[in-house]
Amino acid sequence: MSEHTLTVAGVTVDTRHWIGGERVASADTFVDVSPIDGSVLGEIARGTAAEASAAVAAARAAFPGWAATPRAERARILHAVADAVEKRIEDLSIVETHDNGALLRSHRRGVMPRVAHNFRFFADRLLGLGHDDFDTRGHTNHVSWDPAGPCVLITPWNAPLMLATWKIAPALAAGNTVILKPAEWSPLTASLFADIAAEAGLPAGVLNVVQGHGAEAGSALVSHPDVRRISFTGSVPTAKTIAAAAAANLVPASFELGGKSPLLVFADADLDLAVDLAVEQYDNAGQVCLAATRILVEETIAEEFTRRFTEKASALRQGDPRDETTDIGPNIHPRQLEKIDGFVQRALAAGARAVIGGRRGEGQYYAPTLLTDVAQDSEIVQEEVFGPVLTLQTFADEDEAVRLADDTRFGLAATVATGDRGRAERVTGRLVAGTVWVNCFFVRDLQAPFGGSRHSGVGREGGTWSFDFYCDLKNTVTAPKGWRDHG
């Protein structure tokens, strides 16, 4: 065993950066701890401006060759990466569960297969781009999708590899090179993926991984003058800092910044379905940006809804995420647990009532919580908690429901439970959100645009929208005259 590797349940992971097709150590390290039991997983190379600069240089050097690679060959390589991921689903699942505490069964059955799908989808989508020629008074307009250059991708800890490859796959498909900066609380699957991609035939320098803290490695990356695109998923304050750095170099940036999404439950809804949708918001210990954490219920059914919700939510099993019977695992980090509990305790002190939960468990586990008697302008209603904490408010009619739903600075998603199609159309048309689900939740198709409104983000990704961001579109206009026949 090398001093630069660690082992997670039999799976070996390199702790160094991946730059230019080689492993690169740092002078300093940071500690990676498992949220399951607080055990130290290992010491991870801590990137600085030096490693960031080296990674951008590697990406810049590799860019001309990758950009010139024919589309069909790029697509073939991306499919080979997907094949390689599918062979390592168990390893990736084990490592990520230990690293971020999400359910092992979810990683095996959904998250890691989605990683492979990300590459297949964008590889295939690439081959369909470019049928945009049109005529203007006899002049031919030809639209081309040119690769932009080195892209910096900064990703969160709640679904580390899936969310990283949701950015990596379209960036690479477009012909760009990538520097990935994974979250320091969950860096391991990014490192393991770098090896998998290289073994699948991805050329050196096309994908680079720099580990470390945002204020060090991240700051150096987003301010680098050779970077051509920045995509970030995380907090609003960090996005503002990145936006300022991007503005200095006029670099296009895409931001997905979380939310405070509502679930609107009308009296005509299938109540069992509505309760199931509400309880589903505890998925991944509440660490889901799209989660509908504000439950808004029509007042005539609020008592019965709360009774059924309490019964179903109280049956959830919280515990070790490696256990197949566990429904809710731990929260990612002691600092995050402190943040969650701080929100809840301040809400209780201000007069909120905990229908269930409202307290810590042992270790890094927080009891699933539902708070009522909360004011619309209160912190617990307005700010993202990112933990297993929901609030419940009531409304009298559609107008009040929409007013409450839209009354935050966020606009990432919304969920509506109703049995009336006309109501569904009216309400969804008035909601401020990038995604609205009706009588369902978390149904995601890569063909659809994804992103948020207001403080939930800037830009859309998914389908052709990803290529809009990761490409420089060029229109070439050719006249029908002025040609010399050399025949």
# chains A, B, ... in the order shown; residues from 1 in each chain; ligands from 1
$ select_by_dssp --residues "region 248-348 of chain A" --states "strand (DSSP E)" --output "ChimeraX atom specification"
/A:253-256,262-265,294-298
$ select_by_dssp --residues "region 284-395 of chain A" --states "alpha helix (DSSP H)" --output "VMD selection string"
chain A and resid 302 to 313 334 to 349 379 to 382
$ write_last_selection --atoms "C-alpha atoms" --output "short mmCIF file (atom, residue, chain, number, x, y, z; two decimals), in the first residue's frame"
data_model
loop_
_atom_site.label_atom_id
_atom_site.label_comp_id
_atom_site.auth_asym_id
_atom_site.auth_seq_id
_atom_site.Cartn_x
_atom_site.Cartn_y
_atom_site.Cartn_z
CA ALA A 302 -54.34 20.04 7.15
CA GLU A 303 -55.26 18.05 10.26
CA GLU A 304 -55.74 14.77 8.39
CA PHE A 305 -52.64 15.36 6.26
CA THR A 306 -50.52 15.99 9.36
CA ARG A 307 -51.85 12.85 11.05
CA ARG A 308 -51.03 10.63 8.08
CA PHE A 309 -47.67 12.32 7.51
CA THR A 310 -46.65 11.85 11.13
CA GLU A 311 -47.58 8.18 11.03
CA LYS A 312 -45.62 7.50 7.84
CA ALA A 313 -42.57 9.64 8.66
CA PRO A 334 -20.28 18.01 12.14
CA ARG A 335 -20.40 21.60 10.85
CA GLN A 336 -23.46 20.81 8.76
CA LEU A 337 -25.13 19.14 11.76
CA GLU A 338 -24.48 22.24 13.84
CA LYS A 339 -26.02 24.37 11.11
CA ILE A 340 -29.12 22.19 10.91
CA ASP A 341 -29.64 22.14 14.67
CA GLY A 342 -29.08 25.89 14.86
CA PHE A 343 -31.92 26.51 12.42
CA VAL A 344 -34.25 24.20 14.33
CA GLN A 345 -33.45 25.51 17.80
CA ARG A 346 -33.87 29.12 16.71
CA ALA A 347 -37.21 28.26 15.14
CA LEU A 348 -38.40 26.51 18.31
CA ALA A 349 -37.29 29.46 20.42
CA GLU A 379 -35.64 32.23 9.01
CA ILE A 380 -36.77 28.59 8.97
CA VAL A 381 -39.18 29.32 6.11
CA GLN A 382 -36.92 31.62 4.12
#
$ closest_atom_pairs --of "region 343-412 of chain A" --to "region 256-269 of chain A" --cutoff "7 Å" --atoms "only C-alpha atoms" --output "Markdown table"
| residue | atom | partner | partner_atom | distance |
| --- | --- | --- | --- | --- |
| A:Gln382 | CA | A:Lys260 | CA | 7.0 |
| A:Glu383 | CA | A:Lys260 | CA | 6.7 |
| A:Glu384 | CA | A:Lys260 | CA | 5.6 |
| A:Ala401 | CA | A:Leu264 | CA | 6.9 |
| A:Ala405 | CA | A:Pro262 | CA | 5.6 |
| A:Phe410 | CA | A:Gly259 | CA | 5.3 |
| A:Gly411 | CA | A:Gly259 | CA | 6.3 |
| A:Leu412 | CA | A:Gly259 | CA | 5.3 |
$ closest_atom_pairs --of "region 196-247 of chain A" --to "region 48-69 of chain A" --cutoff "12 Å" --atoms "only C-alpha atoms" --output "JSON lines"
{"residue": "A:Leu202", "atom": "CA", "partner": "A:Trp66", "partner_atom": "CA", "distance": 9.5}
{"residue": "A:Pro203", "atom": "CA", "partner": "A:Trp66", "partner_atom": "CA", "distance": 7.9}
{"residue": "A:Ala204", "atom": "CA", "partner": "A:Ala62", "partner_atom": "CA", "distance": 7.2}
{"residue": "A:Gly205", "atom": "CA", "partner": "A:Ala59", "partner_atom": "CA", "distance": 5.1}
{"residue": "A:Val206", "atom": "CA", "partner": "A:Ala62", "partner_atom": "CA", "distance": 5.8}
{"residue": "A:Leu207", "atom": "CA", "partner": "A:Ala59", "partner_atom": "CA", "distance": 7.2}
{"residue": "A:Asn208", "atom": "CA", "partner": "A:Ala55", "partner_atom": "CA", "distance": 6.1}
{"residue": "A:Val209", "atom": "CA", "partner": "A:Ala55", "partner_atom": "CA", "distance": 7.6}
{"residue": "A:Val210", "atom": "CA", "partner": "A:Ala52", "partner_atom": "CA", "distance": 6.6}
{"residue": "A:Gln211", "atom": "CA", "partner": "A:Thr48", "partner_atom": "CA", "distance": 8.9}
{"residue": "A:Gly212", "atom": "CA", "partner": "A:Thr48", "partner_atom": "CA", "distance": 7.4}
{"residue": "A:His213", "atom": "CA", "partner": "A:Thr48", "partner_atom": "CA", "distance": 8.4}
{"residue": "A:Gly214", "atom": "CA", "partner": "A:Thr48", "partner_atom": "CA", "distance": 9.7}
{"residue": "A:Ala215", "atom": "CA", "partner": "A:Thr48", "partner_atom": "CA", "distance": 9.1}
{"residue": "A:Glu216", "atom": "CA", "partner": "A:Thr48", "partner_atom": "CA", "distance": 5.4}
{"residue": "A:Ala217", "atom": "CA", "partner": "A:Thr48", "partner_atom": "CA", "distance": 4.8}
{"residue": "A:Gly218", "atom": "CA", "partner": "A:Ala52", "partner_atom": "CA", "distance": 7.9}
{"residue": "A:Ser219", "atom": "CA", "partner": "A:Ala49", "partner_atom": "CA", "distance": 8.2}
{"residue": "A:Ala220", "atom": "CA", "partner": "A:Ala49", "partner_atom": "CA", "distance": 5.2}
{"residue": "A:Leu221", "atom": "CA", "partner": "A:Ala52", "partner_atom": "CA", "distance": 5.6}
{"residue": "A:Val222", "atom": "CA", "partner": "A:Ala52", "partner_atom": "CA", "distance": 9.4}
{"residue": "A:Ser223", "atom": "CA", "partner": "A:Ala52", "partner_atom": "CA", "distance": 10.2}
{"residue": "A:His224", "atom": "CA", "partner": "A:Ser53", "partner_atom": "CA", "distance": 7.6}
{"residue": "A:Pro225", "atom": "CA", "partner": "A:Val56", "partner_atom": "CA", "distance": 9.5}
{"residue": "A:Asp226", "atom": "CA", "partner": "A:Val56", "partner_atom": "CA", "distance": 7.1}
{"residue": "A:Val227", "atom": "CA", "partner": "A:Val56", "partner_atom": "CA", "distance": 7.2}
{"residue": "A:Arg228", "atom": "CA", "partner": "A:Arg60", "partner_atom": "CA", "distance": 10.0}
{"residue": "A:Arg229", "atom": "CA", "partner": "A:Val56", "partner_atom": "CA", "distance": 11.8}
$ closest_atom_pairs --of "region 344-453 of chain A" --to "region 166-175 of chain A" --cutoff "12 Å" --atoms "only C-alpha atoms" --output "tab-separated table"
residue	atom	partner	partner_atom	distance
A:Asp445	CA	A:Trp166	CA	11.8
A:Leu446	CA	A:Trp166	CA	9.0
A:Phe450	CA	A:Trp166	CA	10.8
$ write_last_selection --atoms "N, CA, C and O atoms" --output "PDB file, in the first residue's frame"
ATOM      1  N   ASP A 445     -35.201  13.930 -16.488  1.00  0.00           N
ATOM      2  CA  ASP A 445     -34.789  13.480 -17.815  1.00  0.00           C
ATOM      3  C   ASP A 445     -33.695  14.420 -18.304  1.00  0.00           C
ATOM      4  O   ASP A 445     -33.856  15.647 -18.259  1.00  0.00           O
ATOM      5  N   LEU A 446     -32.601  13.861 -18.781  1.00  0.00           N
ATOM      6  CA  LEU A 446     -31.486  14.693 -19.230  1.00  0.00           C
ATOM      7  C   LEU A 446     -31.818  15.536 -20.459  1.00  0.00           C
ATOM      8  O   LEU A 446     -31.080  16.461 -20.794  1.00  0.00           O
ATOM      9  N   PHE A 450     -32.395  22.178 -16.848  1.00  0.00           N
ATOM     10  CA  PHE A 450     -32.324  22.163 -15.394  1.00  0.00           C
ATOM     11  C   PHE A 450     -31.614  23.411 -14.904  1.00  0.00           C
ATOM     12  O   PHE A 450     -30.560  23.785 -15.425  1.00  0.00           O
TER      13      PHE A 450
END
$ closest_residue --among "A:Val279, A:Phe395, A:Arg353, A:Ser254" --to "Arg460 (chain A)" --atoms "only C-alpha atoms"
A:Ser254
$ closest_residue --among "A:Arg16, A:Arg23, A:His117, A:Arg322" --to "Leu104 (chain A)" --atoms "only C-alpha atoms"
A:Arg322
$ atom_distance --atom1 "CA of Thr408 (chain A)" --atom2 "CA of Asp468 (chain A)"
28.9 Å
$ atom_distance --atom1 "CA of Asp32 (chain A)" --atom2 "CA of Ser456 (chain A)"
28.6 Å
$ atom_distance --atom1 "CA of Gly482 (chain A)" --atom2 "CA of Asp132 (chain A)"
23.8 Å
$ residues_around --residues "Asn439 (chain A)" --least-positions-apart "4" --cutoff "7 Å" --atoms "only C-alpha atoms" --output "JSON, numbers by chain"
{"A": [416, 417, 418]}
$ residues_around --residues "region 105-113 of chain A" --least-positions-apart "4" --cutoff "7 Å" --atoms "only C-alpha atoms" --output "ChimeraX atom specification"
/A:86,89-90,93,117,162,324
$ residues_around --residues "Ser34 (chain A)" --least-positions-apart "6" --cutoff "12 Å" --atoms "only C-alpha atoms" --output "ChimeraX atom specification"
/A:8,40-42,94-102,185-188,320-321,329-334,363-364
$ residues_around --residues "region 123-128 of chain A" --least-positions-apart "6" --cutoff "12 Å" --atoms "only C-alpha atoms" --output "PyMOL selection string"
chain A and resi 70-82+116-117+145-147+168-175+446-447+462-468+470-471
$ residues_around --residues "Ile44 (chain A)" --least-positions-apart "4" --cutoff "6 Å" --atoms "only C-alpha atoms" --output "PyMOL selection string"
chain A and resi 15+29-30
$ decode --residues "region 107-132 of chain A" --atoms "N, CA and C atoms" --output "short mmCIF file (atom, residue, chain, number, x, y, z; two decimals), in the first residue's frame"
data_model
loop_
_atom_site.label_atom_id
_atom_site.label_comp_id
_atom_site.auth_asym_id
_atom_site.auth_seq_id
_atom_site.Cartn_x
_atom_site.Cartn_y
_atom_site.Cartn_z
N HIS A 107 -27.03 4.28 -4.09
CA HIS A 107 -25.88 4.38 -4.98
C HIS A 107 -25.85 3.22 -5.97
N ARG A 108 -26.12 2.02 -5.48
CA ARG A 108 -26.06 0.86 -6.36
C ARG A 108 -27.15 0.88 -7.43
N ARG A 109 -28.35 1.26 -7.05
CA ARG A 109 -29.50 1.11 -7.93
C ARG A 109 -29.81 2.34 -8.78
N GLY A 110 -29.39 3.51 -8.30
CA GLY A 110 -29.77 4.71 -9.02
C GLY A 110 -28.65 5.68 -9.33
N VAL A 111 -27.88 6.04 -8.32
CA VAL A 111 -26.91 7.13 -8.48
C VAL A 111 -25.78 6.76 -9.44
N MET A 112 -25.12 5.64 -9.19
CA MET A 112 -23.99 5.27 -10.05
C MET A 112 -24.41 4.84 -11.45
N PRO A 113 -25.52 4.13 -11.63
CA PRO A 113 -25.98 3.90 -13.00
C PRO A 113 -26.26 5.22 -13.73
N ARG A 114 -26.71 6.23 -12.99
CA ARG A 114 -26.94 7.53 -13.60
C ARG A 114 -25.62 8.17 -14.06
N VAL A 115 -24.54 7.92 -13.34
CA VAL A 115 -23.23 8.42 -13.75
C VAL A 115 -22.90 7.92 -15.16
N ALA A 116 -23.09 6.62 -15.37
CA ALA A 116 -22.83 6.05 -16.70
C ALA A 116 -23.78 6.64 -17.74
N HIS A 117 -25.03 6.81 -17.34
CA HIS A 117 -26.03 7.36 -18.27
C HIS A 117 -25.68 8.78 -18.69
N ASN A 118 -25.12 9.56 -17.78
CA ASN A 118 -24.72 10.93 -18.13
C ASN A 118 -23.80 10.93 -19.35
N PHE A 119 -22.84 10.01 -19.36
CA PHE A 119 -21.89 9.96 -20.47
C PHE A 119 -22.55 9.45 -21.75
N ARG A 120 -23.38 8.45 -21.63
CA ARG A 120 -24.04 7.92 -22.83
C ARG A 120 -24.97 8.96 -23.45
N PHE A 121 -25.73 9.64 -22.61
CA PHE A 121 -26.69 10.62 -23.13
C PHE A 121 -25.99 11.73 -23.90
N PHE A 122 -24.97 12.33 -23.30
CA PHE A 122 -24.33 13.46 -23.96
C PHE A 122 -23.47 13.03 -25.14
N ALA A 123 -22.94 11.81 -25.11
CA ALA A 123 -22.24 11.29 -26.28
C ALA A 123 -23.18 11.18 -27.47
N ASP A 124 -24.37 10.66 -27.21
CA ASP A 124 -25.35 10.51 -28.29
C ASP A 124 -25.90 11.86 -28.72
N ARG A 125 -26.11 12.75 -27.76
CA ARG A 125 -26.64 14.08 -28.08
C ARG A 125 -25.66 14.85 -28.97
N LEU A 126 -24.37 14.66 -28.72
CA LEU A 126 -23.35 15.32 -29.53
C LEU A 126 -23.51 14.99 -31.00
N LEU A 127 -23.79 13.73 -31.28
CA LEU A 127 -23.87 13.29 -32.68
C LEU A 127 -25.08 13.88 -33.40
N GLY A 128 -26.04 14.38 -32.64
CA GLY A 128 -27.23 14.97 -33.26
C GLY A 128 -27.18 16.47 -33.42
N LEU A 129 -26.10 17.11 -32.97
CA LEU A 129 -25.99 18.56 -33.08
C LEU A 129 -25.64 18.99 -34.51
N GLY A 130 -26.09 20.20 -34.89
CA GLY A 130 -25.55 20.80 -36.10
C GLY A 130 -26.42 20.78 -37.32
N HIS A 131 -27.73 20.52 -37.15
CA HIS A 131 -28.62 20.57 -38.31
C HIS A 131 -29.33 21.93 -38.33
N ASP A 132 -28.53 22.99 -38.36
CA ASP A 132 -29.07 24.32 -38.16
C ASP A 132 -28.91 25.24 -39.37
#
